[in-house]
$ cat structure10.csv   # CSV, N, CA and C atoms
chain,number,residue,atom,x,y,z
W,194,MET,N,241.9,34.3,-142.2
W,194,MET,CA,243.1,35.1,-142.3
W,194,MET,C,243.8,35.4,-141.0
W,195,ILE,N,243.0,35.8,-140.0
W,195,ILE,CA,243.5,36.1,-138.7
W,195,ILE,C,244.1,34.8,-138.0
W,196,ASP,N,243.5,33.7,-138.2
W,196,ASP,CA,244.0,32.4,-137.7
W,196,ASP,C,245.4,32.1,-138.3
W,197,ALA,N,245.5,32.4,-139.6
W,197,ALA,CA,246.8,32.2,-140.3
W,197,ALA,C,247.9,33.1,-139.7
W,198,ILE,N,247.5,34.3,-139.4
W,198,ILE,CA,248.5,35.2,-138.9
W,198,ILE,C,248.9,34.8,-137.5
W,199,LYS,N,247.9,34.3,-136.7
W,199,LYS,CA,248.3,33.8,-135.3
W,199,LYS,C,249.2,32.6,-135.4
W,200,TYR,N,248.9,31.7,-136.4
W,200,TYR,CA,249.7,30.5,-136.6
W,200,TYR,C,251.2,30.9,-137.0
W,201,ILE,N,251.3,31.9,-137.8
W,201,ILE,CA,252.6,32.4,-138.2
W,201,ILE,C,253.3,33.0,-137.0
W,202,GLU,N,252.6,33.8,-136.2
W,202,GLU,CA,253.2,34.3,-135.0
W,202,GLU,C,253.7,33.3,-134.1
W,203,LYS,N,253.0,32.2,-133.9
W,203,LYS,CA,253.4,31.1,-133.0
W,203,LYS,C,254.6,30.4,-133.5
W,204,ILE,N,254.7,30.2,-134.9
W,204,ILE,CA,255.9,29.6,-135.5
W,204,ILE,C,257.1,30.5,-135.3
W,205,ALA,N,256.9,31.8,-135.5
W,205,ALA,CA,258.0,32.8,-135.3
W,205,ALA,C,258.5,32.8,-133.8
W,206,LEU,N,257.5,32.7,-132.9
W,206,LEU,CA,257.9,32.6,-131.4
W,206,LEU,C,258.7,31.4,-131.1
W,207,VAL,N,258.3,30.3,-131.7
W,207,VAL,CA,259.1,29.0,-131.5
W,207,VAL,C,260.5,29.2,-132.0
W,208,ILE,N,260.6,29.7,-133.2
W,208,ILE,CA,262.0,30.0,-133.8
W,208,ILE,C,262.8,30.9,-132.9
W,209,ILE,N,262.2,31.9,-132.4
W,209,ILE,CA,262.9,32.9,-131.6
W,209,ILE,C,263.4,32.2,-130.3
W,210,ILE,N,262.5,31.4,-129.7
W,210,ILE,CA,262.8,30.7,-128.4
W,210,ILE,C,264.0,29.7,-128.6
W,211,PHE,N,263.9,29.0,-129.7
W,211,PHE,CA,265.0,28.1,-130.0
W,211,PHE,C,266.3,28.8,-130.3
W,212,ALA,N,266.3,29.9,-131.0
W,212,ALA,CA,267.5,30.7,-131.3
W,212,ALA,C,268.0,31.3,-130.0
W,213,THR,N,267.2,31.7,-129.1
W,213,THR,CA,267.6,32.2,-127.8
W,213,THR,C,268.2,31.1,-126.9
W,214,VAL,N,267.7,30.0,-126.9
W,214,VAL,CA,268.2,28.9,-126.1
W,214,VAL,C,269.6,28.5,-126.7
W,215,ILE,N,269.7,28.4,-128.0
W,215,ILE,CA,271.0,28.1,-128.6
W,215,ILE,C,272.0,29.2,-128.3
W,216,ALA,N,271.6,30.4,-128.3
W,216,ALA,CA,272.5,31.5,-127.9
W,216,ALA,C,273.0,31.4,-126.5
W,217,ILE,N,272.1,31.0,-125.6
W,217,ILE,CA,272.4,30.9,-124.2
W,217,ILE,C,273.5,29.7,-124.1
W,218,GLY,N,273.2,28.6,-124.7
W,218,GLY,CA,274.2,27.5,-124.7
W,218,GLY,C,275.5,27.9,-125.3
W,219,TYR,N,275.5,28.7,-126.3
W,219,TYR,CA,276.8,29.1,-126.9
W,219,TYR,C,277.5,30.0,-125.9
W,220,GLU,N,276.8,30.9,-125.3
W,220,GLU,CA,277.4,31.9,-124.3
W,220,GLU,C,278.0,31.1,-123.1
W,221,ILE,N,277.3,30.1,-122.6
W,221,ILE,CA,277.8,29.3,-121.5
W,221,ILE,C,279.0,28.5,-121.9
W,222,TYR,N,279.0,28.0,-123.1
W,222,TYR,CA,280.1,27.2,-123.6
W,222,TYR,C,281.3,28.2,-123.8
W,223,ALA,N,281.1,29.4,-124.3
W,223,ALA,CA,282.2,30.4,-124.4
W,223,ALA,C,282.8,30.7,-123.1
W,224,MET,N,282.0,30.9,-122.1
W,224,MET,CA,282.5,31.1,-120.7
W,224,MET,C,283.3,29.9,-120.2
W,225,TYR,N,282.8,28.7,-120.5
W,225,TYR,CA,283.5,27.5,-120.1
W,225,TYR,C,284.9,27.4,-120.7
W,226,GLU,N,284.9,27.7,-122.0
W,226,GLU,CA,286.2,27.7,-122.8
W,226,GLU,C,287.2,28.7,-122.2
W,227,LYS,N,286.7,29.9,-121.9
W,227,LYS,CA,287.6,30.9,-121.4
W,227,LYS,C,288.0,30.7,-119.9
W,228,SER,N,287.2,29.8,-119.2
W,228,SER,CA,287.3,29.6,-117.8
W,228,SER,C,287.2,30.9,-117.0
W,229,LEU,N,286.3,31.8,-117.5
W,229,LEU,CA,286.2,33.1,-117.0
W,229,LEU,C,284.7,33.6,-117.2
W,230,VAL,N,284.1,34.1,-116.1
W,230,VAL,CA,282.8,34.7,-116.2
W,230,VAL,C,282.9,36.2,-116.0
W,231,GLU,N,282.6,37.0,-117.0
W,231,GLU,CA,282.7,38.4,-116.8
W,231,GLU,C,281.3,39.0,-116.6
W,232,LEU,N,281.3,40.2,-116.1
W,232,LEU,CA,280.0,40.9,-115.9
W,232,LEU,C,279.3,41.1,-117.2
W,233,ALA,N,280.0,41.4,-118.3
W,233,ALA,CA,279.3,41.5,-119.6
W,233,ALA,C,278.6,40.2,-120.1
W,234,ASP,N,279.2,39.1,-119.7
W,234,ASP,CA,278.6,37.8,-120.1
W,234,ASP,C,277.4,37.6,-119.3
W,235,LEU,N,277.4,37.9,-118.0
W,235,LEU,CA,276.2,37.8,-117.2
W,235,LEU,C,275.1,38.7,-117.6
W,236,LEU,N,275.4,39.9,-118.0
W,236,LEU,CA,274.4,40.8,-118.5
W,236,LEU,C,273.8,40.3,-119.8
W,237,LEU,N,274.6,39.7,-120.7
W,237,LEU,CA,274.1,39.1,-121.9
W,237,LEU,C,273.1,37.9,-121.6
W,238,LEU,N,273.4,37.1,-120.6
W,238,LEU,CA,272.5,36.1,-120.2
W,238,LEU,C,271.2,36.6,-119.6
W,239,PHE,N,271.3,37.7,-118.9
W,239,PHE,CA,270.1,38.4,-118.4
W,239,PHE,C,269.2,38.9,-119.6
W,240,ILE,N,269.9,39.4,-120.6
W,240,ILE,CA,269.1,39.9,-121.8
W,240,ILE,C,268.4,38.7,-122.4
W,241,TYR,N,269.1,37.5,-122.5
W,241,TYR,CA,268.4,36.3,-123.1
W,241,TYR,C,267.2,35.9,-122.2
W,242,LEU,N,267.4,36.0,-120.9
W,242,LEU,CA,266.3,35.6,-120.0
W,242,LEU,C,265.1,36.6,-120.2
W,243,GLU,N,265.4,37.8,-120.4
W,243,GLU,CA,264.3,38.8,-120.6
W,243,GLU,C,263.6,38.6,-121.9
W,244,VAL,N,264.4,38.2,-122.9
W,244,VAL,CA,263.8,37.8,-124.2
W,244,VAL,C,262.8,36.6,-124.0
W,245,ILE,N,263.3,35.6,-123.3
W,245,ILE,CA,262.4,34.5,-123.0
W,245,ILE,C,261.2,34.9,-122.3
W,246,GLN,N,261.3,35.8,-121.3
W,246,GLN,CA,260.1,36.3,-120.5
W,246,GLN,C,259.2,37.0,-121.5
W,247,MET,N,259.7,37.8,-122.4
W,247,MET,CA,258.9,38.5,-123.3
W,247,MET,C,258.1,37.5,-124.3
W,248,ILE,N,258.8,36.4,-124.7
W,248,ILE,CA,258.2,35.4,-125.5
W,248,ILE,C,257.1,34.7,-124.8
W,249,ARG,N,257.4,34.4,-123.5
W,249,ARG,CA,256.4,33.7,-122.7
W,249,ARG,C,255.1,34.5,-122.5
W,250,GLU,N,255.3,35.8,-122.2
W,250,GLU,CA,254.2,36.7,-122.0
W,250,GLU,C,253.4,36.8,-123.3
W,251,TYR,N,254.0,37.0,-124.4
W,251,TYR,CA,253.3,37.1,-125.7
W,251,TYR,C,252.6,35.8,-126.0
W,252,TRP,N,253.2,34.7,-125.7
W,252,TRP,CA,252.5,33.4,-126.0
W,252,TRP,C,251.3,33.2,-125.2
W,253,THR,N,251.3,33.6,-123.9
W,253,THR,CA,250.2,33.3,-123.0
W,253,THR,C,249.1,34.4,-123.1
W,254,LEU,N,249.5,35.7,-123.2
W,254,LEU,CA,248.6,36.8,-123.2
W,254,LEU,C,248.3,37.5,-124.5
W,255,ASN,N,249.1,37.1,-125.5
W,255,ASN,CA,249.0,37.8,-126.8
W,255,ASN,C,249.3,39.3,-126.8
W,256,ARG,N,250.1,39.7,-125.8
W,256,ARG,CA,250.5,41.1,-125.7
W,256,ARG,C,251.8,41.1,-125.0
W,257,ILE,N,252.5,42.2,-125.1
W,257,ILE,CA,253.8,42.4,-124.4
W,257,ILE,C,253.7,43.8,-123.7
W,258,ARG,N,254.0,43.7,-122.4
W,258,ARG,CA,254.1,44.9,-121.6
W,258,ARG,C,255.3,45.7,-122.1
W,259,ILE,N,255.1,47.0,-122.3
W,259,ILE,CA,256.2,47.8,-122.9
W,259,ILE,C,257.4,47.9,-121.9
W,260,SER,N,257.2,47.6,-120.7
W,260,SER,CA,258.3,47.7,-119.7
W,260,SER,C,259.4,46.6,-120.0
W,261,ILE,N,259.0,45.5,-120.5
W,261,ILE,CA,260.0,44.4,-120.7
W,261,ILE,C,261.0,44.8,-121.8
W,262,PRO,N,260.7,45.4,-122.9
W,262,PRO,CA,261.7,45.8,-123.9
W,262,PRO,C,262.5,47.0,-123.3
W,263,LEU,N,261.9,47.8,-122.4
W,263,LEU,CA,262.7,48.9,-121.8
W,263,LEU,C,263.7,48.3,-120.9
W,264,PHE,N,263.4,47.3,-120.1
W,264,PHE,CA,264.4,46.7,-119.2
W,264,PHE,C,265.5,46.0,-120.0
W,265,ILE,N,265.1,45.4,-121.2
W,265,ILE,CA,266.2,44.8,-122.1
W,265,ILE,C,267.1,46.0,-122.6
W,266,ALA,N,266.5,47.1,-122.9
W,266,ALA,CA,267.3,48.2,-123.4
W,266,ALA,C,268.3,48.7,-122.3
W,267,ILE,N,267.8,48.8,-121.1
W,267,ILE,CA,268.7,49.3,-120.0
W,267,ILE,C,269.8,48.3,-119.8
W,268,THR,N,269.5,47.0,-119.8
W,268,THR,CA,270.6,46.0,-119.6
W,268,THR,C,271.6,46.0,-120.8
W,269,ALA,N,271.0,46.2,-122.0
W,269,ALA,CA,271.9,46.3,-123.2
W,269,ALA,C,272.9,47.5,-123.2
W,270,VAL,N,272.3,48.6,-122.8
W,270,VAL,CA,273.2,49.8,-122.7
W,270,VAL,C,274.2,49.7,-121.6
W,271,ALA,N,273.8,49.1,-120.4
W,271,ALA,CA,274.8,48.8,-119.4
W,271,ALA,C,275.9,47.9,-119.8
W,272,ARG,N,275.5,46.9,-120.6
W,272,ARG,CA,276.5,45.9,-121.1
W,272,ARG,C,277.4,46.6,-122.1
W,273,LEU,N,276.9,47.5,-122.9
W,273,LEU,CA,277.7,48.3,-123.9
W,273,LEU,C,278.7,49.1,-123.1
W,274,ILE,N,278.3,49.8,-122.0
W,274,ILE,CA,279.2,50.6,-121.2
W,274,ILE,C,280.4,49.7,-120.7
W,275,ILE,N,280.0,48.5,-120.2
W,275,ILE,CA,281.0,47.6,-119.6
W,275,ILE,C,282.0,47.1,-120.7
W,276,LEU,N,281.4,46.8,-121.9
W,276,LEU,CA,282.3,46.3,-122.9
W,276,LEU,C,283.3,47.3,-123.5
W,277,GLN,N,282.9,48.6,-123.5
W,277,GLN,CA,283.7,49.6,-124.0
W,277,GLN,C,284.9,49.9,-123.0
W,278,GLY,N,284.7,49.7,-121.8
W,278,GLY,CA,285.8,49.8,-120.8
W,278,GLY,C,286.3,51.2,-120.7
W,279,LYS,N,287.5,51.3,-120.3
W,279,LYS,CA,288.1,52.6,-120.0
W,279,LYS,C,288.7,53.3,-121.2
W,280,THR,N,288.6,52.7,-122.3
W,280,THR,CA,289.2,53.3,-123.5
W,280,THR,C,288.2,54.3,-124.2
W,281,MET,N,287.0,54.3,-123.8
W,281,MET,CA,286.0,55.1,-124.5
W,281,MET,C,286.1,56.6,-124.0
W,282,ASP,N,285.5,57.4,-124.9
W,282,ASP,CA,285.5,58.9,-124.6
W,282,ASP,C,284.5,59.1,-123.4
W,283,PRO,N,285.0,59.9,-122.4
W,283,PRO,CA,284.1,60.1,-121.2
W,283,PRO,C,282.8,60.7,-121.6
W,284,SER,N,282.7,61.5,-122.6
W,284,SER,CA,281.4,62.1,-123.0
W,284,SER,C,280.4,61.0,-123.4
W,285,MET,N,280.9,60.0,-124.1
W,285,MET,CA,280.1,58.9,-124.5
W,285,MET,C,279.5,58.2,-123.2
W,286,LEU,N,280.3,58.1,-122.2
W,286,LEU,CA,279.8,57.5,-121.0
W,286,LEU,C,278.6,58.3,-120.4
W,287,LEU,N,278.7,59.6,-120.5
W,287,LEU,CA,277.6,60.5,-120.0
W,287,LEU,C,276.4,60.3,-120.9
W,288,TYR,N,276.6,60.2,-122.2
W,288,TYR,CA,275.4,60.0,-123.1
W,288,TYR,C,274.7,58.6,-122.8
W,289,GLU,N,275.5,57.6,-122.7
W,289,GLU,CA,275.0,56.3,-122.4
W,289,GLU,C,274.3,56.2,-121.1
W,290,GLY,N,274.9,56.8,-120.1
W,290,GLY,CA,274.3,56.9,-118.7
W,290,GLY,C,273.0,57.7,-118.8
W,291,GLY,N,273.0,58.8,-119.6
W,291,GLY,CA,271.8,59.6,-119.8
W,291,GLY,C,270.7,58.7,-120.4
W,292,ALA,N,271.1,57.9,-121.4
W,292,ALA,CA,270.1,57.0,-122.0
W,292,ALA,C,269.5,56.1,-121.0
W,293,ILE,N,270.3,55.5,-120.2
W,293,ILE,CA,269.8,54.6,-119.1
W,293,ILE,C,268.8,55.4,-118.2
W,294,LEU,N,269.2,56.6,-117.8
W,294,LEU,CA,268.3,57.4,-117.0
W,294,LEU,C,267.0,57.7,-117.7
W,295,LEU,N,267.0,58.1,-118.9
W,295,LEU,CA,265.8,58.4,-119.7
W,295,LEU,C,264.9,57.1,-119.8
W,296,ILE,N,265.5,56.0,-120.0
W,296,ILE,CA,264.7,54.8,-120.1
W,296,ILE,C,264.1,54.4,-118.8
W,297,ALA,N,264.9,54.6,-117.7
W,297,ALA,CA,264.4,54.3,-116.3
W,297,ALA,C,263.3,55.3,-116.0
W,298,ILE,N,263.4,56.5,-116.4
W,298,ILE,CA,262.3,57.5,-116.1
W,298,ILE,C,261.0,57.1,-116.9
W,299,ALA,N,261.2,56.6,-118.1
W,299,ALA,CA,260.1,56.1,-118.9
W,299,ALA,C,259.4,54.9,-118.2
W,300,VAL,N,260.2,54.0,-117.6
W,300,VAL,CA,259.6,52.9,-116.9
W,300,VAL,C,258.8,53.4,-115.7
W,301,LEU,N,259.4,54.4,-115.0
W,301,LEU,CA,258.7,55.0,-113.8
W,301,LEU,C,257.4,55.6,-114.2
W,302,ILE,N,257.4,56.4,-115.3
W,302,ILE,CA,256.1,57.0,-115.8
W,302,ILE,C,255.1,56.0,-116.2
W,303,LEU,N,255.5,54.9,-116.8
W,303,LEU,CA,254.6,53.8,-117.2
W,303,LEU,C,254.0,53.2,-115.9
W,304,LYS,N,254.8,53.0,-114.9
W,304,LYS,CA,254.3,52.4,-113.6
W,304,LYS,C,253.4,53.4,-112.9
W,305,ALA,N,253.8,54.7,-112.9
W,305,ALA,CA,253.0,55.7,-112.2
W,305,ALA,C,251.6,55.9,-112.8
W,306,ARG,N,251.4,55.6,-114.0
W,306,ARG,CA,250.1,55.9,-114.6
W,306,ARG,C,249.0,54.9,-114.0
W,307,LYS,N,249.5,53.8,-113.4
W,307,LYS,CA,248.6,52.9,-112.8
W,307,LYS,C,248.2,53.3,-111.3
W,308,LEU,N,248.9,54.3,-110.8
W,308,LEU,CA,248.5,54.7,-109.4
W,308,LEU,C,247.2,55.4,-109.4
W,309,LYS,N,246.5,55.3,-108.2
W,309,LYS,CA,245.2,55.9,-108.1
W,309,LYS,C,245.2,57.4,-108.3
W,310,MET,N,246.3,58.1,-107.8
W,310,MET,CA,246.3,59.5,-107.8
W,310,MET,C,246.3,60.1,-109.3
W,311,PHE,N,246.7,59.3,-110.2
W,311,PHE,CA,246.8,59.7,-111.6
W,311,PHE,C,245.6,59.2,-112.5
W,312,SER,N,244.7,58.4,-111.9
W,312,SER,CA,243.6,57.9,-112.6
W,312,SER,C,242.5,59.0,-112.7
W,313,ASP,N,241.6,58.9,-113.7
W,313,ASP,CA,240.5,59.8,-113.9
W,313,ASP,C,239.4,59.4,-113.0
W,314,VAL,N,239.2,60.2,-112.0
W,314,VAL,CA,238.1,60.0,-111.0
W,314,VAL,C,237.2,61.2,-110.9
W,315,ASP,N,236.0,61.0,-111.1
W,315,ASP,CA,235.0,62.1,-111.0
W,315,ASP,C,234.6,62.2,-109.5
W,316,ASP,N,234.8,63.4,-109.0
W,316,ASP,CA,234.5,63.7,-107.6
W,316,ASP,C,233.0,64.0,-107.4
$ encode --input "structure10.csv" --output "C-alpha cells"
Amino acid sequence: MIDAIKYIEKIALVIIIFATVIAIGYEIYAMYEKSLVELADLLLLFIYLEVIQMIREYWTLNRIRISIPLFIAITAVARLIILQGKTMDPSMLLYEGGAILLIAIAVLILKARKLKMFSDVDD
C-alpha cells in the first residue's frame, strides 16, 4: 500500500513539473508577444522556479522544507502588490506589506531554531 502511494506521489510530481514547464513557456511566449518584460512577469517566473525547486527537493529527499513555500508566498504577495499598482487602497498595501513581514519573521524563526544558542544543551 505504501509503495502504491509513493508511486502516485511520483506521478503527481511529474504532472506538476510538466504543468510548471508549460506555464513557464506560456509566460515567456506572452512576454515575447508583448515585447515587454515587466517586474510582475519576472516574479511569476521566480515563483515557477521555486515550485520546481520544491518538486526537486521532494523527489530527492521525500520531504519539503517549510521555508520554500514561505518564500513562494512572499514572492506571490509582492507580485500581487505590483499587479494592483497605484489604484489600490493604501490600507491594503499596509496589510499586504505586513503579511510579507510576518512571513519573513516566520522564516527567520525557522532559521534561528537551528542556531546553537537555541538548542537544548545540558550544562
$ select_by_dssp --input "structure10.csv" --residues "segment 197-315 of chain W" --states "helix (DSSP H, G or I)" --output "PyMOL selection string"
chain W and resi 197-227+232-254+260-280+283-305+309-311
$ closest_residue --input "structure10.csv" --among "W:Ile274, W:Trp252, W:Leu238, W:Ser260" --to "Lys304 of chain W" --atoms "all atoms listed in the file"
W:Ser260
$ closest_atom_pairs --input "structure10.csv" --of "segment 234-283 of chain W" --to "segment 205-224 of chain W" --cutoff "8 Å" --atoms "all atoms listed in the file" --output "tab-separated table"
residue	atom	partner	partner_atom	distance
W:Asp234	CA	W:Glu220	CA	7.3
W:Leu237	C	W:Ile217	CA	7.5
W:Leu238	CA	W:Ile217	CA	6.6
W:Tyr241	CA	W:Thr213	CA	6.3
W:Leu242	N	W:Thr213	C	7.8
W:Val244	C	W:Ile210	CA	7.4
W:Ile245	CA	W:Ile210	CA	6.6
W:Ile248	CA	W:Leu206	CA	6.5
W:Trp252	CA	W:Leu206	CA	7.7
$ atom_distance --input "structure10.csv" --atom1 "atom C of Ala271 of chain W" --atom2 "atom C of Leu236 of chain W"
7.9 Å
$ atom_distance --input "structure10.csv" --atom1 "atom CA of Ala297 of chain W" --atom2 "atom N of Arg272 of chain W"
14.0 Å
$ atom_distance --input "structure10.csv" --atom1 "atom CA of Val230 of chain W" --atom2 "atom N of Thr268 of chain W"
18.5 Å
$ closest_residue --input "structure10.csv" --among "W:Ser284, W:Leu303, W:Asp196, W:Leu308" --to "Ile259 of chain W" --atoms "only C-alpha atoms"
W:Leu303
